[in-house]
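K.L.:
Input structure: final.cif, which contains mmCIF, C-alpha atoms.
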data_structure
#
loop_
_atom_site.label_atom_id
_atom_site.label_comp_id
_atom_site.auth_asym_id
_atom_site.auth_seq_id
_atom_site.Cartn_x
_atom_site.Cartn_y
_atom_site.Cartn_z
CA MET L 2 14.82 0.84 -18.74
CA ILE L 3 16.86 1.62 -15.61
CA HIS L 4 17.68 -1.14 -13.17
CA SER L 5 19.89 -1.47 -10.10
CA LYS L 6 21.09 -4.27 -7.86
CA ALA L 7 18.35 -3.43 -5.37
CA GLU L 8 15.75 -3.93 -8.10
CA GLN L 9 17.06 -7.32 -9.27
CA ARG L 10 16.73 -9.25 -6.00
CA GLN L 11 14.91 -12.57 -5.81
CA ALA L 12 11.10 -12.48 -5.90
CA TYR L 13 9.11 -14.89 -3.71
CA ASP L 14 5.94 -16.39 -5.14
CA GLU L 15 4.44 -17.43 -1.78
CA PHE L 16 3.24 -14.53 0.36
CA SER L 17 4.01 -16.25 3.67
CA LEU L 18 7.71 -16.20 2.73
CA VAL L 19 7.83 -12.39 2.80
CA LEU L 20 6.79 -12.52 6.46
CA ASP L 21 10.23 -13.95 7.24
CA PRO L 22 12.47 -11.03 8.33
CA ASP L 23 15.54 -12.83 6.96
CA VAL L 24 14.44 -12.40 3.32
CA TYR L 25 14.65 -8.59 3.53
CA GLU L 26 17.76 -6.74 2.34
CA PRO L 27 18.72 -3.17 3.33
CA LEU L 28 18.66 -0.35 0.83
CA PRO L 29 21.82 1.80 0.50
CA ASP L 30 22.07 4.86 2.76
CA ASP L 31 21.95 7.31 -0.15
CA TRP L 32 18.66 6.00 -1.54
CA LEU L 33 15.59 8.23 -1.37
CA ILE L 34 12.26 7.44 0.25
CA GLY L 35 9.24 9.33 -1.06
CA ILE L 36 5.93 9.50 0.79
CA THR L 37 2.55 10.91 -0.29
CA ASP L 38 -0.80 11.04 1.46
CA VAL L 39 -4.08 12.85 0.97
CA VAL L 40 -4.74 15.29 3.80
CA SER L 41 -8.19 14.76 5.41
CA SER L 42 -8.74 11.68 3.26
CA THR L 43 -11.42 10.25 5.55
CA ALA L 44 -13.53 13.40 5.12
CA ALA L 45 -13.17 13.17 1.34
CA ILE L 46 -14.11 9.48 1.41
CA ARG L 47 -17.09 10.23 3.66
CA SER L 48 -18.37 12.61 0.97
CA GLY L 49 -18.17 9.83 -1.64
CA ARG L 50 -14.84 10.76 -3.21
CA TYR L 51 -13.14 7.42 -2.63
CA GLU L 52 -12.16 7.03 -6.30
CA ASP L 53 -10.51 10.47 -6.38
CA VAL L 54 -8.61 9.68 -3.17
CA ASN L 55 -7.31 6.37 -4.56
CA TYR L 56 -6.41 7.99 -7.88
CA ALA L 57 -4.47 10.72 -6.09
CA GLY L 58 -2.81 8.07 -3.92
CA ALA L 59 -1.59 6.07 -6.91
CA SER L 60 -0.63 9.09 -9.01
CA ILE L 61 2.98 9.30 -7.80
CA ILE L 62 3.64 5.72 -8.92
CA ALA L 63 2.48 6.46 -12.47
CA ALA L 64 4.12 9.90 -12.65
CA LEU L 65 7.48 8.74 -11.32
CA GLY L 66 7.59 5.58 -13.43
CA ASN L 67 6.80 7.53 -16.60
CA ALA L 68 9.40 10.20 -15.76
CA TRP L 69 12.07 7.71 -14.62
CA GLY L 70 11.63 5.47 -17.64
CA SER L 71 11.02 2.32 -15.58
CA PHE L 72 8.55 0.95 -13.06
CA ALA L 73 11.17 -1.38 -11.57
CA PHE L 74 11.72 0.84 -8.51
CA PRO L 75 10.20 -0.34 -5.18
CA PHE L 76 6.82 1.20 -4.33
CA VAL L 77 3.68 0.47 -2.35
CA PHE L 78 0.13 1.78 -2.79
CA ARG L 79 -1.52 2.73 0.52
CA GLY L 80 -5.02 3.81 -0.51
CA ASP L 81 -4.82 7.54 0.23
CA GLY L 82 -1.14 7.73 -0.66
CA ALA L 83 1.93 5.76 -1.66
CA ALA L 84 5.59 5.26 -0.79
CA PHE L 85 8.56 4.58 -3.04
CA ALA L 86 12.33 4.13 -3.00
CA LEU L 87 14.70 5.44 -5.66
CA PRO L 88 18.50 5.60 -6.10
CA ALA L 89 20.24 8.86 -5.22
CA ASN L 90 20.62 9.85 -8.87
CA GLY L 91 16.82 9.97 -9.13
CA ILE L 92 16.47 13.00 -6.86
CA MET L 93 15.50 15.39 -9.65
CA ALA L 94 12.93 12.97 -11.10
CA ALA L 95 11.51 12.25 -7.64
CA THR L 96 11.29 15.90 -6.61
CA SER L 97 9.66 16.97 -9.88
CA ALA L 98 7.18 14.08 -9.84
CA LEU L 99 6.18 14.81 -6.23
CA ARG L 100 5.63 18.50 -6.98
CA ASP L 101 3.69 17.72 -10.14
CA VAL L 102 1.30 15.21 -8.57
CA ALA L 103 0.67 17.56 -5.64
CA GLY L 104 -0.26 20.28 -8.12
CA PHE L 105 -2.43 17.89 -10.10
CA ALA L 106 -4.28 16.74 -6.99
CA ARG L 107 -4.92 20.33 -5.98
CA THR L 108 -6.08 21.72 -9.35
CA ASP L 109 -7.80 18.70 -10.91
CA LEU L 110 -9.04 16.67 -7.93
CA HIS L 111 -9.35 19.48 -5.35
CA LEU L 112 -7.43 17.40 -2.83
CA ASP L 113 -4.44 18.40 -0.71
CA LEU L 114 -1.71 15.82 -1.36
CA ARG L 115 1.12 16.01 1.18
CA VAL L 116 4.47 14.97 -0.37
CA GLY L 117 7.89 14.41 1.17
CA LEU L 118 11.34 13.02 0.49
CA VAL L 119 14.01 11.73 2.89
CA THR L 120 17.17 9.61 2.57
CA VAL L 121 17.52 6.10 3.96
CA GLY L 122 20.59 7.34 5.86
CA GLU L 123 18.47 9.94 7.69
CA ILE L 124 15.98 7.22 8.61
CA ARG L 125 18.76 4.97 9.97
CA ALA L 126 20.22 7.84 11.96
CA ASN L 127 16.89 7.96 13.78
CA GLY L 128 16.83 4.31 14.71
CA ARG L 129 14.71 2.82 11.90
CA ASP L 130 15.59 0.93 8.76
CA VAL L 131 14.33 0.36 5.21
CA ARG L 132 14.66 -3.19 3.95
CA ILE L 133 13.17 -4.64 0.80
CA ALA L 134 11.81 -7.97 -0.38
CA ARG L 135 9.88 -8.70 -3.55
CA TYR L 136 6.67 -10.69 -3.85
CA ALA L 137 5.68 -12.16 -7.23
CA ALA L 138 1.88 -12.00 -7.22
CA SER L 139 1.97 -13.60 -10.68
CA GLU L 140 4.48 -14.28 -13.45
CA SER L 141 4.09 -10.71 -14.71
CA ALA L 142 3.40 -8.68 -11.54
CA THR L 143 5.95 -8.22 -8.76
CA TYR L 144 5.43 -5.94 -5.78
CA ALA L 145 7.96 -4.55 -3.32
CA MET L 146 7.52 -5.34 0.38
CA PHE L 147 9.03 -2.99 3.00
CA ALA L 148 10.26 -3.74 6.52
CA GLY L 149 12.29 -2.05 9.25
CA GLY L 150 9.90 0.66 10.38
CA GLY L 151 11.49 3.28 8.12
CA LEU L 152 8.44 4.08 6.01
CA LYS L 153 6.28 4.47 9.11
CA TRP L 154 8.82 6.84 10.67
CA ALA L 155 9.17 8.85 7.45
CA GLU L 156 5.39 9.15 7.13
CA GLN L 157 5.08 10.45 10.69
CA GLN L 158 7.85 12.99 10.16
CA ILE L 159 6.33 14.27 6.93
CA LYS L 160 2.92 14.61 8.60
CA ASN L 161 4.69 16.68 11.27
CA GLY L 162 6.04 19.04 8.61
CA ARG L 163 9.58 17.67 8.14
CA PHE L 164 11.15 16.67 4.79
CA LEU L 165 8.28 18.19 2.81
CA VAL L 166 8.78 18.85 -0.88
CA LYS L 167 7.58 22.42 -1.33
CA PRO L 168 5.55 23.44 -4.40
CA GLY L 169 7.70 24.54 -7.32
CA ARG L 170 7.23 27.75 -9.28
CA TYR L 171 7.02 25.84 -12.55
CA ALA L 172 5.13 22.68 -11.68
CA MET L 173 4.20 20.68 -14.78
CA ARG L 174 1.22 18.45 -15.38
CA PRO L 175 2.35 14.91 -14.45
CA ASP L 176 2.37 12.16 -17.05
CA LEU L 177 -0.19 9.72 -15.64
CA THR L 178 -0.31 7.55 -18.76
CA GLY L 179 -1.50 4.07 -17.87
CA LEU L 180 -3.29 5.02 -14.63
CA SER L 181 -7.05 4.45 -14.62
CA CYS L 182 -10.13 3.57 -12.56
CA ASP L 183 -12.06 1.70 -15.25
CA TRP L 184 -13.74 -0.91 -13.06
CA ALA L 185 -16.98 -0.53 -11.16
CA PRO L 186 -16.67 -1.32 -7.43
CA PHE L 187 -16.66 -5.02 -6.58
CA PRO L 188 -19.29 -6.26 -4.12
CA SER L 189 -18.36 -8.76 -1.44
CA GLN L 190 -19.26 -12.34 -2.33
CA ARG L 191 -18.71 -13.74 1.16
CA GLY L 192 -20.11 -11.11 3.50
CA GLU L 193 -17.82 -8.10 3.89
CA ILE L 194 -14.79 -6.48 2.30
CA LEU L 195 -12.17 -6.08 5.02
CA SER L 196 -9.38 -3.50 5.07
CA LEU L 197 -6.82 -4.57 7.67
CA LEU L 198 -3.62 -2.95 8.94
CA VAL L 199 -1.42 -4.68 11.53
CA GLU L 200 1.92 -3.18 12.63
CA PRO L 201 4.50 -4.34 15.18
CA ARG L 202 5.18 -2.07 18.14
CA ASP L 203 8.70 -3.43 18.56
CA GLN L 204 10.73 -3.43 15.33
CA THR L 205 13.56 -5.26 17.10
CA ARG L 206 11.53 -8.48 17.41
CA PRO L 207 10.30 -9.15 13.86
CA GLU L 208 10.07 -12.90 14.47
CA VAL L 209 7.28 -12.32 17.04
CA PHE L 210 5.31 -10.31 14.52
CA ALA L 211 5.91 -12.88 11.77
CA THR L 212 4.42 -15.63 13.94
CA LEU L 213 1.33 -13.54 14.63
CA ALA L 214 0.95 -12.52 10.96
CA LYS L 215 1.01 -16.17 9.90
CA ARG L 216 -1.80 -16.93 12.39
CA VAL L 217 -3.87 -14.14 10.89
CA LEU L 218 -3.22 -15.24 7.32
CA ALA L 219 -4.09 -18.86 8.16
CA VAL L 220 -7.65 -17.76 8.99
CA PHE L 221 -8.08 -15.95 5.68
CA ASP L 222 -6.17 -18.47 3.57
CA ALA L 223 -8.54 -21.24 4.67
CA ALA L 224 -11.33 -19.59 2.65
CA PRO L 225 -11.81 -20.11 -1.11
CA ARG L 226 -9.20 -18.23 -3.17
CA ARG L 227 -7.51 -17.11 0.06
CA SER L 228 -10.22 -14.48 0.60
CA HIS L 229 -9.28 -12.68 -2.62
CA PRO L 230 -11.67 -9.73 -3.04
CA LEU L 231 -12.01 -10.12 -6.81
CA SER L 232 -14.56 -12.79 -7.60
CA GLY L 233 -13.45 -15.89 -9.48
CA GLY L 234 -15.89 -15.16 -12.31
CA THR L 235 -15.73 -12.34 -14.82
CA ALA L 236 -16.47 -8.63 -14.54
CA ARG L 237 -17.48 -5.66 -16.63
CA ALA L 238 -15.33 -2.63 -17.14
CA ARG L 239 -17.14 0.62 -16.41
CA GLY L 240 -18.97 1.91 -19.48
CA HIS L 241 -18.72 -1.41 -21.37
CA ALA L 242 -21.71 -3.70 -21.80
CA GLU L 243 -19.65 -6.76 -22.68
CA GLN L 244 -18.13 -8.93 -20.02
CA VAL L 245 -14.36 -9.23 -19.84
CA SER L 246 -13.12 -12.65 -20.92
CA ALA L 247 -12.42 -15.20 -18.20
CA LYS L 248 -8.75 -15.31 -19.24
CA ARG L 249 -8.26 -11.55 -19.02
CA TRP L 250 -10.13 -11.33 -15.72
CA SER L 251 -8.00 -14.11 -14.23
CA GLU L 252 -4.88 -12.10 -15.18
CA VAL L 253 -6.29 -8.93 -13.62
CA ALA L 254 -7.12 -10.73 -10.37
CA SER L 255 -3.71 -12.44 -10.24
CA ASN L 256 -1.89 -9.14 -10.71
CA SER L 257 -3.67 -7.35 -7.85
CA ASP L 258 -2.06 -6.27 -4.57
CA PHE L 259 -4.69 -7.54 -2.12
CA ARG L 260 -1.92 -8.73 0.25
CA LYS L 261 1.25 -6.79 1.02
CA PHE L 262 3.81 -6.09 3.71
CA ASP L 263 4.50 -2.40 4.34
CA ASP L 264 6.14 -2.20 7.79
CA GLY L 265 3.28 -4.52 8.71
CA LEU L 266 0.38 -6.37 7.12
CA ARG L 267 -1.82 -4.43 4.71
CA LEU L 268 -4.73 -6.55 3.43
CA THR L 269 -7.90 -6.07 1.36
CA LEU L 270 -10.00 -9.23 1.62
CA ASP L 271 -13.45 -10.67 1.01
CA CYS L 272 -14.42 -12.39 4.27
CA THR L 273 -17.23 -13.79 6.31
CA PRO L 274 -18.12 -11.84 9.45
CA GLU L 275 -17.02 -14.88 11.45
CA GLN L 276 -13.53 -14.78 9.93
CA ILE L 277 -13.19 -11.11 10.78
CA ASP L 278 -14.41 -11.66 14.34
CA SER L 279 -11.92 -14.52 14.79
CA VAL L 280 -8.98 -12.44 13.55
CA GLU L 281 -10.05 -9.39 15.55
CA ALA L 282 -10.00 -11.49 18.75
CA ILE L 283 -6.44 -12.63 17.95
CA LEU L 284 -5.35 -9.05 17.33
CA ILE L 285 -7.02 -7.61 20.42
CA ALA L 286 -5.15 -10.14 22.56
CA ALA L 287 -1.84 -9.33 20.82
CA ARG L 288 -2.40 -5.59 21.30
CA ALA L 289 -3.11 -6.17 25.00
CA ARG L 290 0.27 -7.93 25.22
CA GLY L 291 1.90 -4.81 23.74
CA GLU L 292 2.99 -6.61 20.54
CA ILE L 293 1.04 -4.77 17.85
CA ASP L 294 -1.24 -1.96 16.81
CA PHE L 295 -4.02 -2.71 14.37
CA GLY L 296 -6.98 -1.17 12.61
CA LEU L 297 -9.70 -2.69 10.48
CA HIS L 298 -12.65 -1.45 8.50
CA ARG L 299 -15.59 -3.43 7.13
CA GLN L 300 -17.41 -2.35 3.98
CA SER L 301 -19.57 -3.76 1.19
CA HIS L 302 -17.34 -3.22 -1.86
CA ALA L 303 -13.71 -3.19 -2.97
CA LEU L 304 -12.25 -0.59 -5.31
CA MET L 305 -9.51 -1.08 -7.91
CA THR L 306 -7.13 1.45 -9.47
CA CYS L 307 -5.08 0.12 -12.39
CA LEU L 308 -1.66 0.87 -13.82
CA VAL L 309 -0.65 -0.41 -17.25
CA PRO L 310 2.91 0.79 -17.95
CA SER L 311 3.30 2.27 -21.41
CA GLY L 312 4.54 -0.31 -23.90
CA ARG L 313 4.21 -3.17 -21.37
CA PRO L 314 0.54 -4.26 -21.31
CA ASP L 315 1.58 -7.65 -19.88
CA SER L 316 2.93 -5.93 -16.75
CA HIS L 317 -0.38 -4.45 -15.63
CA LEU L 318 -0.71 -3.81 -11.89
CA HIS L 319 -3.95 -3.47 -9.94
CA PHE L 320 -4.16 -1.60 -6.62
CA LEU L 321 -6.98 -2.57 -4.26
CA ASP L 322 -8.67 -0.73 -1.41
CA GLY L 323 -12.02 -0.81 0.34
CA MET L 324 -14.70 1.47 -1.09
CA GLY L 325 -16.14 2.59 2.24
CA GLY L 326 -12.98 4.14 3.67
CA GLY L 327 -10.60 1.23 3.32
CA TYR L 328 -7.05 1.69 4.53
CA ALA L 329 -7.68 5.30 5.58
CA LYS L 330 -10.42 4.23 8.00
CA ALA L 331 -8.36 1.27 9.22
CA ALA L 332 -5.44 3.64 9.92
CA GLU L 333 -7.77 5.97 11.80
CA MET L 334 -8.93 3.08 14.00
CA MET L 335 -5.33 2.00 14.60
CA GLU L 336 -4.33 5.50 15.74
CA GLU L 337 -7.33 5.73 18.05
CA GLY L 338 -6.50 2.34 19.59
CA ALA L 339 -2.88 3.34 20.17
CA LEU L 340 -3.95 6.59 21.86
CA GLU L 341 -6.38 4.70 24.10
CA ASP L 342 -3.57 2.36 25.17
CA VAL L 343 -1.30 5.30 25.97
CA ALA L 344 -4.03 6.97 28.03
CA ARG L 345 -4.73 3.72 29.88
CA SER L 346 -1.05 3.26 30.72
CA CYS L 347 -0.84 6.85 32.05
CA VAL L 348 -3.79 6.19 34.37
CA LEU L 349 -2.20 3.00 35.63
#
Can I see the file as structure tokens?
P.N.:
Amino acid sequence: MIHSKAEQRQAYDEFSLVLDPDVYEPLPDDWLIGITDVVSSTAAIRSGRYEDVNYAGASIIAALGNAWGSFAFPFVFRGDGAAFALPANGIMAATSALRDVAGFARTDLHLDLRVGLVTVGEIRANGRDVRIARYAASESATYAMFAGGGLKWAEQQIKNGRFLVKPGRYAMRPDLTGLSCDWAPFPSQRGEILSLLVEPRDQTRPEVFATLAKRVLAVFDAAPRRSHPLSGGTARARGHAEQVSAKRWSEVASNSDFRKFDDGLRLTLDCTPEQIDSVEAILIAARARGEIDFGLHRQSHALMTCLVPSGRPDSHLHFLDGMGGGYAKAAEMMEEGALEDVARSCVL
């Protein structure tokens, strides 16, 4: 197992604490940031391929962890892609894993997975930062949270054709041991499954965004189980007639990433329509003040992709997204809203 100082930082067990900008620590300049995303993911989801899109999105986490020999590196699942950070000496592992998962997505899933790699120093030279905090969702599952705007900048650059990792001549099949989609989609118990993205427009005033994010969370946290999208009962794994035990299901739910901070809020929740309307009104007002951009998508079911690291069944991680487009549709709405605001300001 490979560990570094950046991987051993304190983990916070209350999500509201990772909204505090002071708990984030900068990564070293020579660290690497990797980004993946499925090209035309909304079209693939529209054709019913949401599971393939999520599997492709999570594939780099499994492939890199298996190649690196540890899953202790910071990463975040984004639905149709993922982002990760790795020390400079991991450049060969990162490059190979990115090439391999892109090849796998193309040949096995018939999806175009865009992959890129950039240093933290390059990101800082362009006015953004990459800072890390860790959130302990349970005693056995800890997720990295990212702040500073660096991942967002890197994603935009890679979509524009910079820092791409080109296909290799000898791409290998990635080791995706532990990655699975064994659960049937989870229907909403309270009305609708919400996929929500909220990002600050001004990275220099994180305290303003933190205040707004806490207002949003207060609406959802007032509901039973903090609007967790996995029901408090038990569930059946796909292809199995027997129900999973209450104990095992409780562990699965506790280890899921339904709330995270990735240069902004990224939430998958089970909500009432009234809750969503209330939060949307808060966010529309904040966007009108020029504080944020946001996107949301309502759907009937949540989807879960699971990662059980080899040899560490107690450290199972569960990545959540909405089944009807999820984060990809929310991101599409956010981009459309930002463009509308730009057009409106030009007219004025």
K.L.:
Per residue of region 114-174 of chain L within 6 Å of region 21-41 of chain L, which atom pair is closest and at what distance in Å (one decimal), using only C-alpha atoms, listed by chain and increasing number, as JSON lines?
P.N.:
{"residue": "L:Leu114", "atom": "CA", "partner": "L:Val39", "partner_atom": "CA", "distance": 4.5}
{"residue": "L:Arg115", "atom": "CA", "partner": "L:Asp38", "partner_atom": "CA", "distance": 5.3}
{"residue": "L:Val116", "atom": "CA", "partner": "L:Thr37", "partner_atom": "CA", "distance": 4.5}
{"residue": "L:Gly117", "atom": "CA", "partner": "L:Ile36", "partner_atom": "CA", "distance": 5.3}
{"residue": "L:Leu118", "atom": "CA", "partner": "L:Gly35", "partner_atom": "CA", "distance": 4.5}
{"residue": "L:Val119", "atom": "CA", "partner": "L:Ile34", "partner_atom": "CA", "distance": 5.3}
{"residue": "L:Thr120", "atom": "CA", "partner": "L:Leu33", "partner_atom": "CA", "distance": 4.5}
{"residue": "L:Val121", "atom": "CA", "partner": "L:Asp30", "partner_atom": "CA", "distance": 4.9}
{"residue": "L:Gly122", "atom": "CA", "partner": "L:Asp30", "partner_atom": "CA", "distance": 4.2}
{"residue": "L:Val131", "atom": "CA", "partner": "L:Pro27", "partner_atom": "CA", "distance": 5.9}
{"residue": "L:Arg132", "atom": "CA", "partner": "L:Pro27", "partner_atom": "CA", "distance": 4.1}
{"residue": "L:Ile133", "atom": "CA", "partner": "L:Tyr25", "partner_atom": "CA", "distance": 5.0}
{"residue": "L:Ala134", "atom": "CA", "partner": "L:Tyr25", "partner_atom": "CA", "distance": 4.9}
K.L.:
Give as a PyMOL selection string the residues that the PyMOL selection byres ((chain L and resi 303) around 9) matches when applied to the coordinates above.
P.N.:
chain L and resi 186-189+194-195+230-231+269-271+300-302+304-305+321-325+327
K.L.:
Please check which residues have atoms at most 9 Å from (6.6, 7.2, -15.9) in the file's coordinates, counting all atoms listed in the file, and write them as a list in words.
P.N.:
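Every polymer residue passing the test: Ile62, Ala63, Ala64, Leu65, Gly66, Asn67, Ala68, Trp69, Gly70, Ser71, Phe72, Pro175, Asp176, Leu177, Thr178, Gly179, Pro310 and Ser311 of chain L.
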K.L.:
Would you write out, as number ranges by chain, every residue that the PyMOL selection byres ((chain L and resi 211) around 10) captures in this file?
P.N.:
L: 17-22, 201, 206-210, 212-217, 265-266
K.L.:
Please produce a file of those selected residues containing C-alpha atoms, as a PDB file, in the frame of the given file.
P.N.:
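Result saved to out_33.pdb:
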ATOM      1  CA  SER L  17       4.010 -16.250   3.670  1.00  0.00           C
ATOM      2  CA  LEU L  18       7.710 -16.200   2.730  1.00  0.00           C
ATOM      3  CA  VAL L  19       7.830 -12.390   2.800  1.00  0.00           C
ATOM      4  CA  LEU L  20       6.790 -12.520   6.460  1.00  0.00           C
ATOM      5  CA  ASP L  21      10.230 -13.950   7.240  1.00  0.00           C
ATOM      6  CA  PRO L  22      12.470 -11.030   8.330  1.00  0.00           C
ATOM      7  CA  PRO L 201       4.500  -4.340  15.180  1.00  0.00           C
ATOM      8  CA  ARG L 206      11.530  -8.480  17.410  1.00  0.00           C
ATOM      9  CA  PRO L 207      10.300  -9.150  13.860  1.00  0.00           C
ATOM     10  CA  GLU L 208      10.070 -12.900  14.470  1.00  0.00           C
ATOM     11  CA  VAL L 209       7.280 -12.320  17.040  1.00  0.00           C
ATOM     12  CA  PHE L 210       5.310 -10.310  14.520  1.00  0.00           C
ATOM     13  CA  THR L 212       4.420 -15.630  13.940  1.00  0.00           C
ATOM     14  CA  LEU L 213       1.330 -13.540  14.630  1.00  0.00           C
ATOM     15  CA  ALA L 214       0.950 -12.520  10.960  1.00  0.00           C
ATOM     16  CA  LYS L 215       1.010 -16.170   9.900  1.00  0.00           C
ATOM     17  CA  ARG L 216      -1.800 -16.930  12.390  1.00  0.00           C
ATOM     18  CA  VAL L 217      -3.870 -14.140  10.890  1.00  0.00           C
ATOM     19  CA  GLY L 265       3.280  -4.520   8.710  1.00  0.00           C
ATOM     20  CA  LEU L 266       0.380  -6.370   7.120  1.00  0.00           C
TER      21      LEU L 266
END
K.L.:
At a cut-off of 12 Å, using all atoms listed in the file, what residues contact Glu275 (chain L)? Leave out same-chain residues fewer than 4 positions from it and give the result as a tab-separated table (two decimals) with C-alpha atoms, in the frame of the given file.
P.N.:
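Okay, this is what ended up in selection_25.tsv:
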chain	number	residue	atom	x	y	z
L	191	ARG	CA	-18.71	-13.74	1.16
L	192	GLY	CA	-20.11	-11.11	3.50
L	193	GLU	CA	-17.82	-8.10	3.89
L	195	LEU	CA	-12.17	-6.08	5.02
L	220	VAL	CA	-7.65	-17.76	8.99
L	221	PHE	CA	-8.08	-15.95	5.68
L	224	ALA	CA	-11.33	-19.59	2.65
L	271	ASP	CA	-13.45	-10.67	1.01
L	279	SER	CA	-11.92	-14.52	14.79
L	280	VAL	CA	-8.98	-12.44	13.55
L	281	GLU	CA	-10.05	-9.39	15.55
L	282	ALA	CA	-10.00	-11.49	18.75
K.L.:
At what distance in Å, to one decimal, does CA of Ala137 (chain L) lie from CA of Gln11 (chain L)?
P.N.:
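Answer for the CA of Gln11 (chain L) to CA of Ala137 (chain L) separation: 9.3 Å.
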K.L.:
Hey, which of L:Gly91, L:Phe262, L:Gly162, L:Asp183 ends up closest to Ala148 (chain L)? Count all atoms listed in the file.
P.N.:
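Residue with the minimum atom-to-atom distance to Ala148 (chain L): L:Phe262.
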K.L.:
Between L:Cys272, L:Leu112, L:Leu152, L:Met146, which has the minimum distance to Ala84 (chain L) (counting all atoms listed in the file)?
P.N.:
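Residue with the minimum atom-to-atom distance to Ala84 (chain L): L:Leu152.
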K.L.:
Have region 114-119 of chain L completed to all heavy atoms, please, and pass it along as a short mmCIF file (atom, residue, chain, number, x, y, z; two decimals), keeping the file's coordinate frame.
P.N.:
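As a result, selection_33.cif now contains:
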data_model
loop_
_atom_site.label_atom_id
_atom_site.label_comp_id
_atom_site.auth_asym_id
_atom_site.auth_seq_id
_atom_site.Cartn_x
_atom_site.Cartn_y
_atom_site.Cartn_z
N LEU L 114 -2.60 16.98 -1.42
CA LEU L 114 -1.71 15.82 -1.36
C LEU L 114 -0.39 16.25 -0.72
O LEU L 114 0.36 17.05 -1.27
CB LEU L 114 -1.45 15.26 -2.77
CG LEU L 114 -0.68 13.94 -2.83
CD1 LEU L 114 -1.50 12.79 -2.25
CD2 LEU L 114 -0.28 13.63 -4.28
N ARG L 115 -0.13 15.72 0.47
CA ARG L 115 1.12 16.01 1.18
C ARG L 115 2.22 15.14 0.59
O ARG L 115 2.05 13.93 0.42
CB ARG L 115 0.94 15.71 2.67
CG ARG L 115 2.12 16.06 3.53
CD ARG L 115 1.93 15.52 4.93
NE ARG L 115 0.92 16.22 5.71
CZ ARG L 115 -0.21 15.68 6.14
NH1 ARG L 115 -0.51 14.43 5.84
NH2 ARG L 115 -1.06 16.38 6.86
N VAL L 116 3.38 15.72 0.26
CA VAL L 116 4.47 14.97 -0.37
C VAL L 116 5.78 15.27 0.33
O VAL L 116 6.04 16.41 0.76
CB VAL L 116 4.58 15.29 -1.89
CG1 VAL L 116 3.31 14.90 -2.62
CG2 VAL L 116 4.90 16.77 -2.14
N GLY L 117 6.62 14.24 0.48
CA GLY L 117 7.89 14.41 1.17
C GLY L 117 8.95 13.46 0.66
O GLY L 117 8.64 12.45 0.01
N LEU L 118 10.20 13.79 0.97
CA LEU L 118 11.34 13.02 0.49
C LEU L 118 12.43 13.02 1.55
O LEU L 118 12.78 14.08 2.08
CB LEU L 118 11.86 13.64 -0.81
CG LEU L 118 12.75 12.81 -1.74
CD1 LEU L 118 11.99 11.59 -2.27
CD2 LEU L 118 13.22 13.68 -2.90
N VAL L 119 12.98 11.85 1.85
CA VAL L 119 14.01 11.73 2.89
C VAL L 119 14.96 10.61 2.48
O VAL L 119 14.58 9.69 1.75
CB VAL L 119 13.36 11.44 4.27
CG1 VAL L 119 12.56 10.13 4.24
CG2 VAL L 119 14.39 11.41 5.38
#
